[in-house]
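Structure record follows, encoded as structure tokens.
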Amino acid sequence: MKKAFFGVFVGLCIVVGALAYVKYEQISTLINAGENRTLPSITTTSFSVKEASWEQTLSAIGSLEAAKGLVITADISGRISKVLFEAGSEVEAGDLLVQQGTSEERAQLRSNQAAAALAKSTLKRTAELYRKKVASKSELDNAQSTYDSAVADVDNTRATIEKKSIRAPFSGRLGIRLVDLGQFINAGDSVVSLQSIDKMYVNFSLPQQFNAKVSTDLSVRLESDAVPNQQFIGKIKVIDPEIDTATRSVRLQAIIDNPRQELLPGMFATIDVLLPESESVLLIPVTAVQYATFGDSVFVIERALDEETKKPVEPQKLIVRQQFVKLGESRGDFVVVKKGLKQGETVASTGVFKLNNGASVIVNNSVAPNFNIEPSVSDE
């Protein structure tokens, strides 16, 4: 009985041992296969780090106003007898816009002219009598004073009539009409807005630390969403000598040519003040950067080296090395690299989210994007 039990036990041990050995061989084979397995290469595009000279600018937000602009108002009260302009039309300096009724003033003018004529005749007779020693000097002075007063009344009435002819003080474009025919308007009432927009002022501010960098006659570049894909060039004309105590900024005013009158008063605009000096920078595409909270990085493309000889392997094989970088200003499709790369180094420019340190890559630049400092946007 004991021998039979022992035989069964030995047989079970042999079976279990055989199964364990088979399983060990299977696991060892899988481990070796995993260690020796080579991951497929990842296709990417490349870009050689290049040096460029970038203009230095100071950016700001500004508001546009007309170089000449005002709301035309009535000088004196009166009823409108003629409206001689169309809203939105172009006018020249001196054009008559609105005529107020002048019947009473013209009647008063005739009366004053008659009084002036009588005073002139009286002065002439009194002067003749004075020469003949018949009239006194005081009578001559009174006659002269009466005549001068009569002439002044004529001039005053003429000025009143002229003030009732409301004219354009300069050439420009009219706005919305604010009066109607037959309306009685008081002195100071608005008639119409007049803006001369061939040249525009742009008002903007810069932080006080940039005050030493700006000067009059520096060029500015202006862009507005209201006039897409266009740039306007002008010059700084005025720098406020006082710093705004609320914002600690300096106010500036530049003048911009607006020959096609595309810019209008009140528009919002972005302004770049163009500084005279330029800066040498290293550029890479924005798409080459892998952004992360712990640091931005790029993948440098290098030839794979033999671990023992440290020489490039044959046939040639390319791998990527993750390199952390310090970035600067970005413009268009490019960003400045301040630290971490050298001119001439090659980085992966697309598909960086698929890469990891040491990954094998294949470079195919036939599908590389066309990177540009000033990319254009098309609806097509």
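Residues are named by chain letter and number: chains run A, B, ... in the order of the structure tokens, numbers start at 1 in each chain, and ligands are numbered from 1 in the order shown.
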
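Non-sequential neighbours of region 110-113 of chain A (distance at most 8 Å, separation of 3 or more positions within a chain, only C-alpha atoms) are Arg106, Ala107, Ala116, Ala117, Ala150, Val151, Asp153 and Val154 of chain A.
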
Contacts of region 226-243 of chain A at 8 Å or less, counting only C-alpha atoms, minus same-chain residues fewer than 6 places along, as a PyMOL selection string?
-> chain A and resi 208+215-220+249-258+262-263+267

List every residue of region 104-340 of chain A that DSSP, applied to the backbone of this structure, places in alpha helix (DSSP H), and write the result as a VMD selection string.
-> chain A and resid 104 to 131 137 to 163

Backbone DSSP call of strand (DSSP E) for region 170-208 of chain A, listed as a list of chain:residue names |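 Residues meeting the strand (DSSP E) criterion: A:Gly172, A:Arg173, A:Leu174, A:Phe184, A:Ile185, A:Ser190, A:Val191, A:Val192, A:Ser193, A:Leu194, A:Gln195, A:Ser196, A:Ile197, A:Asp198, A:Lys199, A:Met200, A:Tyr201, A:Val202, A:Asn203, A:Phe204, A:Ser205, A:Leu206, A:Pro207.
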
Dump of N, CA, C and O atoms for the selected residues, as a PDB file, in the first residue's frame:
```pdb
ATOM      1  N   GLY A 172     -13.452 117.480 -46.518  1.00  0.00           N
ATOM      2  CA  GLY A 172     -13.600 116.216 -45.823  1.00  0.00           C
ATOM      3  C   GLY A 172     -14.903 115.531 -46.174  1.00  0.00           C
ATOM      4  O   GLY A 172     -15.588 115.891 -47.151  1.00  0.00           O
ATOM      5  N   ARG A 173     -15.242 114.528 -45.377  1.00  0.00           N
ATOM      6  CA  ARG A 173     -16.462 113.745 -45.584  1.00  0.00           C
ATOM      7  C   ARG A 173     -17.472 114.074 -44.498  1.00  0.00           C
ATOM      8  O   ARG A 173     -17.132 114.084 -43.305  1.00  0.00           O
ATOM      9  N   LEU A 174     -18.715 114.318 -44.920  1.00  0.00           N
ATOM     10  CA  LEU A 174     -19.775 114.635 -43.978  1.00  0.00           C
ATOM     11  C   LEU A 174     -20.368 113.353 -43.397  1.00  0.00           C
ATOM     12  O   LEU A 174     -20.349 112.293 -44.027  1.00  0.00           O
ATOM     13  N   PHE A 184     -35.929 125.199 -36.549  1.00  0.00           N
ATOM     14  CA  PHE A 184     -35.322 126.326 -35.846  1.00  0.00           C
ATOM     15  C   PHE A 184     -34.192 125.773 -34.977  1.00  0.00           C
ATOM     16  O   PHE A 184     -34.404 124.874 -34.165  1.00  0.00           O
ATOM     17  N   ILE A 185     -33.015 126.302 -35.164  1.00  0.00           N
ATOM     18  CA  ILE A 185     -31.859 125.844 -34.377  1.00  0.00           C
ATOM     19  C   ILE A 185     -31.293 126.998 -33.575  1.00  0.00           C
ATOM     20  O   ILE A 185     -31.322 128.159 -34.008  1.00  0.00           O
ATOM     21  N   SER A 190     -25.931 121.138 -33.046  1.00  0.00           N
ATOM     22  CA  SER A 190     -25.140 120.380 -34.019  1.00  0.00           C
ATOM     23  C   SER A 190     -25.865 120.311 -35.349  1.00  0.00           C
ATOM     24  O   SER A 190     -27.092 120.145 -35.412  1.00  0.00           O
ATOM     25  N   VAL A 191     -25.094 120.435 -36.437  1.00  0.00           N
ATOM     26  CA  VAL A 191     -25.639 120.364 -37.796  1.00  0.00           C
ATOM     27  C   VAL A 191     -25.209 119.070 -38.479  1.00  0.00           C
ATOM     28  O   VAL A 191     -26.034 118.302 -38.968  1.00  0.00           O
ATOM     29  N   VAL A 192     -23.916 118.784 -38.502  1.00  0.00           N
ATOM     30  CA  VAL A 192     -23.395 117.581 -39.163  1.00  0.00           C
ATOM     31  C   VAL A 192     -21.939 117.400 -38.742  1.00  0.00           C
ATOM     32  O   VAL A 192     -21.249 118.362 -38.408  1.00  0.00           O
ATOM     33  N   SER A 193     -21.482 116.147 -38.746  1.00  0.00           N
ATOM     34  CA  SER A 193     -20.075 115.858 -38.466  1.00  0.00           C
ATOM     35  C   SER A 193     -19.271 115.969 -39.760  1.00  0.00           C
ATOM     36  O   SER A 193     -19.715 115.551 -40.826  1.00  0.00           O
ATOM     37  N   LEU A 194     -18.064 116.528 -39.653  1.00  0.00           N
ATOM     38  CA  LEU A 194     -17.156 116.654 -40.794  1.00  0.00           C
ATOM     39  C   LEU A 194     -15.805 116.069 -40.394  1.00  0.00           C
ATOM     40  O   LEU A 194     -15.220 116.488 -39.388  1.00  0.00           O
ATOM     41  N   GLN A 195     -15.333 115.095 -41.172  1.00  0.00           N
ATOM     42  CA  GLN A 195     -14.066 114.434 -40.875  1.00  0.00           C
ATOM     43  C   GLN A 195     -13.185 114.445 -42.122  1.00  0.00           C
ATOM     44  O   GLN A 195     -13.624 114.065 -43.209  1.00  0.00           O
ATOM     45  N   SER A 196     -11.943 114.852 -41.938  1.00  0.00           N
ATOM     46  CA  SER A 196     -10.947 114.749 -42.999  1.00  0.00           C
ATOM     47  C   SER A 196     -10.085 113.535 -42.681  1.00  0.00           C
ATOM     48  O   SER A 196      -9.311 113.541 -41.714  1.00  0.00           O
ATOM     49  N   ILE A 197     -10.208 112.443 -43.470  1.00  0.00           N
ATOM     50  CA  ILE A 197      -9.595 111.168 -43.117  1.00  0.00           C
ATOM     51  C   ILE A 197      -8.519 110.724 -44.110  1.00  0.00           C
ATOM     52  O   ILE A 197      -8.141 109.555 -44.139  1.00  0.00           O
ATOM     53  N   ASP A 198      -8.004 111.649 -44.919  1.00  0.00           N
ATOM     54  CA  ASP A 198      -6.860 111.297 -45.768  1.00  0.00           C
ATOM     55  C   ASP A 198      -5.641 110.965 -44.914  1.00  0.00           C
ATOM     56  O   ASP A 198      -4.779 110.185 -45.316  1.00  0.00           O
ATOM     57  N   LYS A 199      -5.570 111.577 -43.769  1.00  0.00           N
ATOM     58  CA  LYS A 199      -4.551 111.251 -42.768  1.00  0.00           C
ATOM     59  C   LYS A 199      -5.272 110.989 -41.448  1.00  0.00           C
ATOM     60  O   LYS A 199      -6.249 111.642 -41.138  1.00  0.00           O
ATOM     61  N   MET A 200      -4.755 110.018 -40.693  1.00  0.00           N
ATOM     62  CA  MET A 200      -5.377 109.644 -39.431  1.00  0.00           C
ATOM     63  C   MET A 200      -4.362 109.725 -38.310  1.00  0.00           C
ATOM     64  O   MET A 200      -3.167 109.471 -38.498  1.00  0.00           O
ATOM     65  N   TYR A 201      -4.848 110.097 -37.136  1.00  0.00           N
ATOM     66  CA  TYR A 201      -4.047 110.004 -35.927  1.00  0.00           C
ATOM     67  C   TYR A 201      -4.371 108.686 -35.230  1.00  0.00           C
ATOM     68  O   TYR A 201      -5.524 108.251 -35.212  1.00  0.00           O
ATOM     69  N   VAL A 202      -3.368 108.048 -34.667  1.00  0.00           N
ATOM     70  CA  VAL A 202      -3.585 106.880 -33.825  1.00  0.00           C
ATOM     71  C   VAL A 202      -2.972 107.182 -32.461  1.00  0.00           C
ATOM     72  O   VAL A 202      -1.809 107.555 -32.350  1.00  0.00           O
ATOM     73  N   ASN A 203      -3.785 107.069 -31.432  1.00  0.00           N
ATOM     74  CA  ASN A 203      -3.362 107.333 -30.068  1.00  0.00           C
ATOM     75  C   ASN A 203      -3.170 106.016 -29.339  1.00  0.00           C
ATOM     76  O   ASN A 203      -4.053 105.154 -29.359  1.00  0.00           O
ATOM     77  N   PHE A 204      -2.023 105.859 -28.681  1.00  0.00           N
ATOM     78  CA  PHE A 204      -1.735 104.621 -27.971  1.00  0.00           C
ATOM     79  C   PHE A 204      -0.793 104.915 -26.813  1.00  0.00           C
ATOM     80  O   PHE A 204      -0.273 106.035 -26.679  1.00  0.00           O
ATOM     81  N   SER A 205      -0.586 103.908 -25.967  1.00  0.00           N
ATOM     82  CA  SER A 205       0.267 104.066 -24.784  1.00  0.00           C
ATOM     83  C   SER A 205       1.260 102.920 -24.714  1.00  0.00           C
ATOM     84  O   SER A 205       0.997 101.809 -25.174  1.00  0.00           O
ATOM     85  N   LEU A 206       2.418 103.206 -24.110  1.00  0.00           N
ATOM     86  CA  LEU A 206       3.446 102.202 -23.862  1.00  0.00           C
ATOM     87  C   LEU A 206       3.865 102.279 -22.396  1.00  0.00           C
ATOM     88  O   LEU A 206       3.836 103.366 -21.796  1.00  0.00           O
ATOM     89  N   PRO A 207       4.249 101.159 -21.792  1.00  0.00           N
ATOM     90  CA  PRO A 207       4.735 101.194 -20.399  1.00  0.00           C
ATOM     91  C   PRO A 207       5.906 102.155 -20.253  1.00  0.00           C
ATOM     92  O   PRO A 207       6.692 102.348 -21.186  1.00  0.00           O
TER      93      PRO A 207
END
```

So which residues touch region 269-286 of chain A within 7 Å, counting only C-alpha atoms, skipping near sequence neighbours fewer than 2 positions away, as a PyMOL selection string?
-> chain A and resi 49-63+218-224+267+288-289+333-337+343+349+371

Selection export as a JSON list (two decimals), in the first residue's frame, atoms kept: N, CA and C atoms:
```json
[["chain", "number", "residue", "atom", "x", "y", "z"],
["A", 49, "VAL", "N", 17.84, 74.34, -37.76],
["A", 49, "VAL", "CA", 17.78, 75.57, -36.97],
["A", 49, "VAL", "C", 18.53, 76.66, -37.72],
["A", 50, "LYS", "N", 17.84, 77.79, -37.99],
["A", 50, "LYS", "CA", 18.47, 78.85, -38.77],
["A", 50, "LYS", "C", 18.53, 80.15, -37.99],
["A", 51, "GLU", "N", 19.52, 80.95, -38.37],
["A", 51, "GLU", "CA", 19.69, 82.25, -37.74],
["A", 51, "GLU", "C", 19.04, 83.31, -38.62],
["A", 52, "ALA", "N", 18.39, 84.27, -38.00],
["A", 52, "ALA", "CA", 17.73, 85.34, -38.74],
["A", 52, "ALA", "C", 17.86, 86.64, -37.96],
["A", 53, "SER", "N", 17.68, 87.73, -38.68],
["A", 53, "SER", "CA", 17.71, 89.06, -38.07],
["A", 53, "SER", "C", 16.28, 89.56, -37.98],
["A", 54, "TRP", "N", 15.80, 89.73, -36.76],
["A", 54, "TRP", "CA", 14.43, 90.18, -36.54],
["A", 54, "TRP", "C", 14.41, 91.64, -36.14],
["A", 55, "GLU", "N", 13.49, 92.39, -36.77],
["A", 55, "GLU", "CA", 13.30, 93.76, -36.35],
["A", 55, "GLU", "C", 12.73, 93.78, -34.93],
["A", 56, "GLN", "N", 13.15, 94.78, -34.17],
["A", 56, "GLN", "CA", 12.67, 94.92, -32.80],
["A", 56, "GLN", "C", 11.49, 95.88, -32.77],
["A", 57, "THR", "N", 10.42, 95.46, -32.13],
["A", 57, "THR", "CA", 9.21, 96.27, -32.10],
["A", 57, "THR", "C", 8.67, 96.38, -30.68],
["A", 58, "LEU", "N", 7.88, 97.40, -30.47],
["A", 58, "LEU", "CA", 7.11, 97.58, -29.24],
["A", 58, "LEU", "C", 5.64, 97.58, -29.65],
["A", 59, "SER", "N", 4.90, 96.66, -29.10],
["A", 59, "SER", "CA", 3.50, 96.50, -29.52],
["A", 59, "SER", "C", 2.55, 97.20, -28.56],
["A", 60, "ALA", "N", 1.46, 97.70, -29.11],
["A", 60, "ALA", "CA", 0.46, 98.40, -28.30],
["A", 60, "ALA", "C", -0.89, 98.33, -29.00],
["A", 61, "ILE", "N", -1.90, 98.75, -28.27],
["A", 61, "ILE", "CA", -3.26, 98.85, -28.78],
["A", 61, "ILE", "C", -3.63, 100.33, -28.83],
["A", 62, "GLY", "N", -4.25, 100.73, -29.93],
["A", 62, "GLY", "CA", -4.58, 102.15, -30.07],
["A", 62, "GLY", "C", -5.95, 102.39, -30.67],
["A", 63, "SER", "N", -6.30, 103.66, -30.72],
["A", 63, "SER", "CA", -7.58, 104.09, -31.27],
["A", 63, "SER", "C", -7.33, 105.18, -32.31],
["A", 218, "LEU", "N", 10.04, 107.95, -35.31],
["A", 218, "LEU", "CA", 10.14, 106.50, -35.43],
["A", 218, "LEU", "C", 8.93, 105.99, -36.22],
["A", 219, "SER", "N", 9.16, 105.01, -37.07],
["A", 219, "SER", "CA", 8.06, 104.46, -37.88],
["A", 219, "SER", "C", 7.18, 103.55, -37.04],
["A", 220, "VAL", "N", 5.92, 103.50, -37.40],
["A", 220, "VAL", "CA", 4.97, 102.58, -36.76],
["A", 220, "VAL", "C", 4.25, 101.80, -37.86],
["A", 221, "ARG", "N", 3.85, 100.58, -37.51],
["A", 221, "ARG", "CA", 3.07, 99.74, -38.42],
["A", 221, "ARG", "C", 1.73, 99.44, -37.77],
["A", 222, "LEU", "N", 0.66, 99.70, -38.51],
["A", 222, "LEU", "CA", -0.69, 99.59, -37.95],
["A", 222, "LEU", "C", -1.49, 98.54, -38.71],
["A", 223, "GLU", "N", -2.25, 97.76, -37.97],
["A", 223, "GLU", "CA", -3.17, 96.79, -38.55],
["A", 223, "GLU", "C", -4.50, 96.90, -37.81],
["A", 224, "SER", "N", -5.59, 96.65, -38.56],
["A", 224, "SER", "CA", -6.92, 96.70, -37.97],
["A", 224, "SER", "C", -7.76, 95.56, -38.52],
["A", 267, "MET", "N", -11.90, 103.57, -34.89],
["A", 267, "MET", "CA", -11.51, 102.17, -35.07],
["A", 267, "MET", "C", -10.45, 101.75, -34.06],
["A", 288, "ALA", "N", 7.47, 72.33, -34.11],
["A", 288, "ALA", "CA", 8.56, 71.46, -33.65],
["A", 288, "ALA", "C", 8.63, 71.38, -32.13],
["A", 289, "VAL", "N", 7.85, 72.21, -31.45],
["A", 289, "VAL", "CA", 7.94, 72.31, -29.99],
["A", 289, "VAL", "C", 6.90, 71.40, -29.34],
["A", 333, "ASP", "N", 4.77, 81.44, -38.23],
["A", 333, "ASP", "CA", 4.96, 80.01, -37.98],
["A", 333, "ASP", "C", 6.22, 79.70, -37.19],
["A", 334, "PHE", "N", 6.98, 80.73, -36.79],
["A", 334, "PHE", "CA", 8.26, 80.50, -36.14],
["A", 334, "PHE", "C", 8.27, 80.99, -34.70],
["A", 335, "VAL", "N", 9.20, 80.41, -33.93],
["A", 335, "VAL", "CA", 9.42, 80.83, -32.55],
["A", 335, "VAL", "C", 10.92, 80.93, -32.32],
["A", 336, "VAL", "N", 11.32, 81.87, -31.49],
["A", 336, "VAL", "CA", 12.74, 82.08, -31.18],
["A", 336, "VAL", "C", 13.18, 81.09, -30.10],
["A", 337, "VAL", "N", 14.35, 80.48, -30.31],
["A", 337, "VAL", "CA", 14.96, 79.61, -29.31],
["A", 337, "VAL", "C", 16.10, 80.39, -28.64],
["A", 343, "GLN", "N", 22.76, 76.76, -34.13],
["A", 343, "GLN", "CA", 22.49, 76.91, -35.55],
["A", 343, "GLN", "C", 22.96, 75.67, -36.31],
["A", 349, "SER", "N", 10.10, 68.57, -37.23],
["A", 349, "SER", "CA", 9.24, 69.75, -37.33],
["A", 349, "SER", "C", 7.76, 69.42, -37.30],
["A", 371, "PHE", "N", 6.66, 76.85, -43.98],
["A", 371, "PHE", "CA", 6.64, 77.77, -42.84],
["A", 371, "PHE", "C", 6.95, 79.18, -43.30]]
```

Test item: residues at most 12 Å from Val179 (chain A), only C-alpha atoms, excluding those fewer than 2 positions along its chain, as a PyMOL selection string | chain A and resi 72-74+79-87+97-100+175-177+181-186+189-193

Please, could you write that set of residues out with N, CA, C and O atoms as a CSV table (one decimal), in the first residue's frame?
```
chain,number,residue,atom,x,y,z
A,72,ILE,N,-19.9,120.3,-36.9
A,72,ILE,CA,-20.3,121.7,-37.3
A,72,ILE,C,-21.5,122.1,-36.5
A,72,ILE,O,-22.5,121.4,-36.5
A,73,THR,N,-21.5,123.3,-35.9
A,73,THR,CA,-22.6,123.8,-35.1
A,73,THR,C,-23.0,125.2,-35.6
A,73,THR,O,-22.3,125.8,-36.4
A,74,ALA,N,-24.2,125.6,-35.2
A,74,ALA,CA,-24.7,126.9,-35.6
A,74,ALA,C,-24.1,128.0,-34.7
A,74,ALA,O,-23.9,127.8,-33.5
A,79,ARG,N,-34.0,130.0,-38.3
A,79,ARG,CA,-34.7,129.0,-38.9
A,79,ARG,C,-34.0,128.6,-40.2
A,79,ARG,O,-33.6,129.5,-41.0
A,80,ILE,N,-33.9,127.3,-40.5
A,80,ILE,CA,-33.2,126.8,-41.7
A,80,ILE,C,-34.0,127.0,-42.9
A,80,ILE,O,-35.2,126.5,-43.0
A,81,SER,N,-33.5,127.7,-43.9
A,81,SER,CA,-34.2,128.0,-45.1
A,81,SER,C,-33.7,127.1,-46.3
A,81,SER,O,-34.4,126.8,-47.2
A,82,LYS,N,-32.5,126.6,-46.2
A,82,LYS,CA,-31.9,125.7,-47.2
A,82,LYS,C,-30.9,124.7,-46.6
A,82,LYS,O,-30.2,125.1,-45.7
A,83,VAL,N,-31.0,123.5,-47.0
A,83,VAL,CA,-30.0,122.4,-46.7
A,83,VAL,C,-29.4,122.0,-48.0
A,83,VAL,O,-30.0,121.4,-48.9
A,84,LEU,N,-28.1,122.3,-48.1
A,84,LEU,CA,-27.4,122.2,-49.4
A,84,LEU,C,-26.4,121.0,-49.4
A,84,LEU,O,-25.5,121.1,-50.3
A,85,PHE,N,-26.5,120.0,-48.6
A,85,PHE,CA,-25.6,118.9,-48.6
A,85,PHE,C,-26.3,117.6,-48.4
A,85,PHE,O,-27.5,117.6,-48.0
A,86,GLU,N,-25.7,116.5,-48.8
A,86,GLU,CA,-26.2,115.2,-48.7
A,86,GLU,C,-25.3,114.5,-47.6
A,86,GLU,O,-24.1,114.6,-47.6
A,87,ALA,N,-25.9,113.7,-46.8
A,87,ALA,CA,-25.2,113.0,-45.7
A,87,ALA,C,-24.2,112.0,-46.4
A,87,ALA,O,-24.5,111.3,-47.3
A,97,LEU,N,-23.2,124.7,-46.6
A,97,LEU,CA,-23.9,123.5,-46.2
A,97,LEU,C,-25.4,123.8,-45.8
A,97,LEU,O,-26.3,123.1,-46.2
A,98,VAL,N,-25.6,124.8,-45.0
A,98,VAL,CA,-26.9,125.2,-44.5
A,98,VAL,C,-27.1,126.7,-44.5
A,98,VAL,O,-26.2,127.4,-44.1
A,99,GLN,N,-28.2,127.1,-45.0
A,99,GLN,CA,-28.5,128.5,-45.0
A,99,GLN,C,-29.7,128.8,-44.1
A,99,GLN,O,-30.8,128.2,-44.2
A,100,GLN,N,-29.5,129.7,-43.1
A,100,GLN,CA,-30.6,130.1,-42.2
A,100,GLN,C,-31.3,131.3,-42.8
A,100,GLN,O,-30.7,132.1,-43.6
A,175,GLY,N,-20.9,113.5,-42.2
A,175,GLY,CA,-21.6,112.4,-41.6
A,175,GLY,C,-23.1,112.4,-41.7
A,175,GLY,O,-23.6,112.9,-42.8
A,176,ILE,N,-23.8,112.0,-40.7
A,176,ILE,CA,-25.3,111.9,-40.8
A,176,ILE,C,-25.8,113.3,-40.5
A,176,ILE,O,-25.4,114.0,-39.6
A,177,ARG,N,-26.8,113.7,-41.3
A,177,ARG,CA,-27.4,115.1,-41.2
A,177,ARG,C,-28.2,115.1,-39.9
A,177,ARG,O,-29.0,114.2,-39.6
A,181,LEU,N,-34.9,120.8,-43.1
A,181,LEU,CA,-35.4,122.1,-43.6
A,181,LEU,C,-36.5,122.6,-42.8
A,181,LEU,O,-37.5,121.9,-42.4
A,182,GLY,N,-36.5,123.9,-42.5
A,182,GLY,CA,-37.5,124.6,-41.7
A,182,GLY,C,-37.3,124.5,-40.2
A,182,GLY,O,-38.1,125.1,-39.5
A,183,GLN,N,-36.4,123.7,-39.8
A,183,GLN,CA,-36.1,123.6,-38.3
A,183,GLN,C,-35.5,124.8,-37.8
A,183,GLN,O,-34.7,125.5,-38.4
A,184,PHE,N,-35.9,125.2,-36.5
A,184,PHE,CA,-35.3,126.3,-35.8
A,184,PHE,C,-34.2,125.8,-35.0
A,184,PHE,O,-34.4,124.9,-34.2
A,185,ILE,N,-33.0,126.3,-35.2
A,185,ILE,CA,-31.9,125.8,-34.4
A,185,ILE,C,-31.3,127.0,-33.6
A,185,ILE,O,-31.3,128.2,-34.0
A,186,ASN,N,-30.8,126.7,-32.4
A,186,ASN,CA,-30.2,127.7,-31.5
A,186,ASN,C,-28.7,127.6,-31.7
A,186,ASN,O,-28.1,126.7,-32.2
A,189,ASP,N,-26.2,124.4,-31.6
A,189,ASP,CA,-26.8,123.1,-32.0
A,189,ASP,C,-26.0,122.5,-33.1
A,189,ASP,O,-25.5,123.1,-34.0
A,190,SER,N,-25.9,121.1,-33.0
A,190,SER,CA,-25.1,120.4,-34.0
A,190,SER,C,-25.9,120.3,-35.3
A,190,SER,O,-27.1,120.1,-35.4
A,191,VAL,N,-25.1,120.4,-36.4
A,191,VAL,CA,-25.6,120.4,-37.8
A,191,VAL,C,-25.2,119.1,-38.5
A,191,VAL,O,-26.0,118.3,-39.0
A,192,VAL,N,-23.9,118.8,-38.5
A,192,VAL,CA,-23.4,117.6,-39.2
A,192,VAL,C,-21.9,117.4,-38.7
A,192,VAL,O,-21.2,118.4,-38.4
A,193,SER,N,-21.5,116.1,-38.7
A,193,SER,CA,-20.1,115.9,-38.5
A,193,SER,C,-19.3,116.0,-39.8
A,193,SER,O,-19.7,115.6,-40.8
```

Distance query Leu118 (chain A) at most 12 Å, only C-alpha atoms, self and fewer than 2 positions along chain excluded, as a PDB file with N, CA and C atoms, in the first residue's frame:
```pdb
ATOM      1  N   SER A 111     -31.301 149.321 -43.635  1.00  0.00           N
ATOM      2  CA  SER A 111     -31.495 150.461 -42.738  1.00  0.00           C
ATOM      3  C   SER A 111     -30.157 151.001 -42.254  1.00  0.00           C
ATOM      4  N   ASN A 112     -29.267 150.097 -41.895  1.00  0.00           N
ATOM      5  CA  ASN A 112     -27.948 150.531 -41.414  1.00  0.00           C
ATOM      6  C   ASN A 112     -27.144 151.189 -42.528  1.00  0.00           C
ATOM      7  N   GLN A 113     -27.275 150.696 -43.740  1.00  0.00           N
ATOM      8  CA  GLN A 113     -26.552 151.302 -44.867  1.00  0.00           C
ATOM      9  C   GLN A 113     -27.073 152.719 -45.126  1.00  0.00           C
ATOM     10  N   ALA A 114     -28.403 152.897 -45.006  1.00  0.00           N
ATOM     11  CA  ALA A 114     -28.967 154.246 -45.191  1.00  0.00           C
ATOM     12  C   ALA A 114     -28.473 155.180 -44.099  1.00  0.00           C
ATOM     13  N   ALA A 115     -28.449 154.699 -42.869  1.00  0.00           N
ATOM     14  CA  ALA A 115     -27.952 155.523 -41.764  1.00  0.00           C
ATOM     15  C   ALA A 115     -26.492 155.857 -41.972  1.00  0.00           C
ATOM     16  N   ALA A 116     -25.712 154.880 -42.492  1.00  0.00           N
ATOM     17  CA  ALA A 116     -24.294 155.135 -42.734  1.00  0.00           C
ATOM     18  C   ALA A 116     -24.110 156.170 -43.838  1.00  0.00           C
ATOM     19  N   LYS A 120     -22.367 159.742 -43.403  1.00  0.00           N
ATOM     20  CA  LYS A 120     -21.226 160.121 -44.235  1.00  0.00           C
ATOM     21  C   LYS A 120     -21.429 161.527 -44.813  1.00  0.00           C
ATOM     22  N   SER A 121     -22.679 161.793 -45.285  1.00  0.00           N
ATOM     23  CA  SER A 121     -22.967 163.126 -45.831  1.00  0.00           C
ATOM     24  C   SER A 121     -22.836 164.196 -44.745  1.00  0.00           C
ATOM     25  N   THR A 122     -23.351 163.901 -43.572  1.00  0.00           N
ATOM     26  CA  THR A 122     -23.267 164.854 -42.457  1.00  0.00           C
ATOM     27  C   THR A 122     -21.814 165.119 -42.104  1.00  0.00           C
ATOM     28  N   LEU A 123     -21.005 164.076 -42.091  1.00  0.00           N
ATOM     29  CA  LEU A 123     -19.578 164.238 -41.776  1.00  0.00           C
ATOM     30  C   LEU A 123     -18.904 165.101 -42.824  1.00  0.00           C
ATOM     31  N   LYS A 124     -19.273 164.882 -44.080  1.00  0.00           N
ATOM     32  CA  LYS A 124     -18.650 165.663 -45.158  1.00  0.00           C
ATOM     33  C   LYS A 124     -18.994 167.148 -45.024  1.00  0.00           C
ATOM     34  N   ARG A 125     -20.291 167.470 -44.743  1.00  0.00           N
ATOM     35  CA  ARG A 125     -20.693 168.872 -44.603  1.00  0.00           C
ATOM     36  C   ARG A 125     -20.047 169.514 -43.377  1.00  0.00           C
ATOM     37  N   ALA A 143     -19.764 164.191 -35.575  1.00  0.00           N
ATOM     38  CA  ALA A 143     -20.137 163.700 -36.905  1.00  0.00           C
ATOM     39  C   ALA A 143     -19.293 162.486 -37.296  1.00  0.00           C
ATOM     40  N   GLN A 144     -17.994 162.545 -36.977  1.00  0.00           N
ATOM     41  CA  GLN A 144     -17.099 161.403 -37.283  1.00  0.00           C
ATOM     42  C   GLN A 144     -17.510 160.169 -36.486  1.00  0.00           C
ATOM     43  N   THR A 146     -20.505 159.506 -35.268  1.00  0.00           N
ATOM     44  CA  THR A 146     -21.780 158.984 -35.767  1.00  0.00           C
ATOM     45  C   THR A 146     -21.567 158.143 -37.023  1.00  0.00           C
ATOM     46  N   TYR A 147     -20.691 158.622 -37.880  1.00  0.00           N
ATOM     47  CA  TYR A 147     -20.405 157.874 -39.116  1.00  0.00           C
ATOM     48  C   TYR A 147     -19.723 156.538 -38.807  1.00  0.00           C
ATOM     49  N   ASP A 148     -18.746 156.541 -37.927  1.00  0.00           N
ATOM     50  CA  ASP A 148     -18.043 155.301 -37.578  1.00  0.00           C
ATOM     51  C   ASP A 148     -18.994 154.284 -36.960  1.00  0.00           C
ATOM     52  N   SER A 149     -19.914 154.790 -36.107  1.00  0.00           N
ATOM     53  CA  SER A 149     -20.889 153.894 -35.484  1.00  0.00           C
ATOM     54  C   SER A 149     -21.830 153.291 -36.529  1.00  0.00           C
ATOM     55  N   ALA A 150     -22.235 154.101 -37.510  1.00  0.00           N
ATOM     56  CA  ALA A 150     -23.127 153.618 -38.569  1.00  0.00           C
ATOM     57  C   ALA A 150     -22.427 152.555 -39.419  1.00  0.00           C
ATOM     58  N   VAL A 151     -21.150 152.771 -39.724  1.00  0.00           N
ATOM     59  CA  VAL A 151     -20.375 151.781 -40.497  1.00  0.00           C
ATOM     60  C   VAL A 151     -20.226 150.480 -39.704  1.00  0.00           C
TER      61      VAL A 151
END
```

What lies within 9 Å of region 352-361 of chain A using only C-alpha atoms, ignoring chain neighbours under 3 positions off, as a PyMOL selection string?
-> chain A and resi 39-44+287-290+298-299+301+304+317-323+348-349

Proximity to Ser77 (chain A) - best of A:Thr126, A:Val313, A:Lys132, A:Ile166, only C-alpha atoms = A:Ile166
